[in-house]
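Encoded as structure tokens, the structure appears first; notes follow it.
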Amino acid sequence: MLNLHLNPGLEWNYDERRNGRIADNYLAGRGYVSTDPERHIVRPDAFHASFPVFVYIGWARLGLPKHYLTLLVYAAAAGCYLLGGLYVQRTLWHFGVSHGLSWVGAGLWAVYPSVVYYIGGFWWFENLALPLLIMVIYKLLRLYGGRPLSWPDAWLLVGAVVLSCLLRGYLLAVYGLVFGVFGLLMLSCGSRATRLAVGLSLGIALAVGIAHLPIFLKNHQLFGAWTLSNQAGFELLQGHNSVTQGRFMFDWDDRTKPFDQYLRTHVPQLDALDQYQESQARARVARQWIATHPAQEAQLWLRKTALFFSPENFIADAPRTPWHPFTALVHLAFFVALVLTLGQYQGLRFERRDALLLTPLIAAWLLSLIFFVGFRWRFFAEPALLLFPLITAQRFWQGRVRSGAL
């Protein structure tokens with residue numbers, strides 16, 4: 001109901017409108033192209049994820065109206081919203097949080113500002129991918145805890161990871177780090193557990209590779225390069241230059257602004273490049289800037305880290321986004337829990353399985369350092385920010401009970 005209230009026209013977000021235009025151009029026989037608004041030319045486009053483009057082409061060929069797809073995604077997001085709440089509760093329960101407090105945690109996740117409004121209230125594929133990540137982390141935690149891997153769970157893990165990565169390419173990095181940590185944890189559980197971790201990880205990697213093969217082939221035909229997307233070079237330069245504030249730059253392609261003028265002094269032939277070549281050129285300029293400005297780069301890391309952990313929330317068209325007291329309290333609680341655990345206050349200790357819970361947070365933070373702080377990829381860190389303080393509170397309470405203080 002909130003989705004329909006906020007989007008009564010069933011419009012797509014700006015990323016998917018662009019993908020939709022590429023699909024329309026392909027169906028019209030013009031290929032995978034879009035109109036460059038600055039150059040006023042039509043050129044091959046592989047900036048955002050290609051999988052949604054394939055879906056839109058297939059949907060149109062079935063003769064189905066676009067708003068049916070919008071409603072289908074909304075329905076899937078609503079189901080995933082419920083799934084996410086359920087697996088938040090199960091994750092907390094797995095960590096030993098009491099039954100009541102684990103359901104409180106699920107309720108807090110359900111009303112988290114980004115989940116219920118800033119991202120969750122709109123048509124973003126993150127609303128499908130985040131609950132799937134929560135479920136995957138829970139399943140891996142259970143495997144680490146000694147639960148046998150059933151075939152239904154194996155196929156569920158494969159499907160969740162593949163779909164998430166197809167919808168959001170940066171999740172390849174998140175899941176890569178998650179399964180790397182999972183493998184390291186399983187090494188300590190004996191040879192059988194190690195074989196399970198290796199087999200599962202290789203199976204998922206193979207499935208992800210096969211699923212992305214059509215994208216590699218399509219982009220190789222367009223640009224002569226084996227690439228999934230041309231976006232990385234653009235975003236790398238946004239995050240590493242003398243005028244960036246560590247966040248998305250809304251004027252990144254404005255020819256009257258210092259950023260674009262700086263780029264053109266280093267790449268004077270910019271307008272003659274195709275999208276892949278431009279991405280590579282921007283990446284080279286970014287790497288050169290990092291190499292020649294180490295002090296500024298270190299300051300940027302600190303600025304990005306402060307911004308990443310600030311209580312800002314995602315707004316699609318706002319240079320600065322609003323702070324929310326709920327987000328601020330959660331982030332404060334996380335740092336209190338982190339400091340108390342690091343200081344081993346009242347016997348608090350990290351457990352090895354905490355690494356799996358915290359890995360998505362670390363991955364999203366690293367993405368922010370590599371590129372810029374994107375609150376849509378910080379979205380995948382927020383379950384850890386919320387759950388870790390609740391887990392720490394339960395551990396503190398249990399420690400006090402065992403010591404006889406309560």
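How things are named: the first chain in the structure tokens is A, the next is B, and so on; residues count from 1 in each chain; ligands count from 1 in the order shown.
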**Message:** Excluding A:Val104 and its own-chain neighbours fewer than 5 positions away, which residues fall within 9 Å of it when counting only C-alpha atoms? Please give them as a list in words.
**Reply:**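 My list of contacting residues is Gln89, His99 and Trp109 of chain A.
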Residues of the last selection are to be written out with C-alpha atoms, as a PDB file, in the first residue's frame.
```
ATOM      1  CA  GLN A  89      14.321 -13.109  13.994  1.00  0.00           C
ATOM      2  CA  HIS A  99      12.631 -15.324  21.887  1.00  0.00           C
ATOM      3  CA  TRP A 109      14.106  -4.114  11.124  1.00  0.00           C
TER       4      TRP A 109
END
```
**Message:** Could you pull out the alpha helix (DSSP H) residues of stretch 188-387 of chain A, going by DSSP on the backbone, and write them as a PyMOL selection string?
**Reply:** chain A and resi 191-223+231-238+258-266+275-292+294-308+325-342+354-370+375-378+382-387
**Asked** Near stretch 22-37 of chain A, within 8 Å and counting only C-alpha atoms, which residues show up once chain neighbours fewer than 5 positions away are dropped, as a list in words?
**Response** Val42, Arg43, Pro44, Asp45, Ala46, Val53, Phe54, Tyr56 and Ile57 of chain A
**Request:** Calculate how many Å separate atom CA of A:Cys165 from atom CA of A:Leu202, rounding to one decimal.
**Result:** 15.6 Å
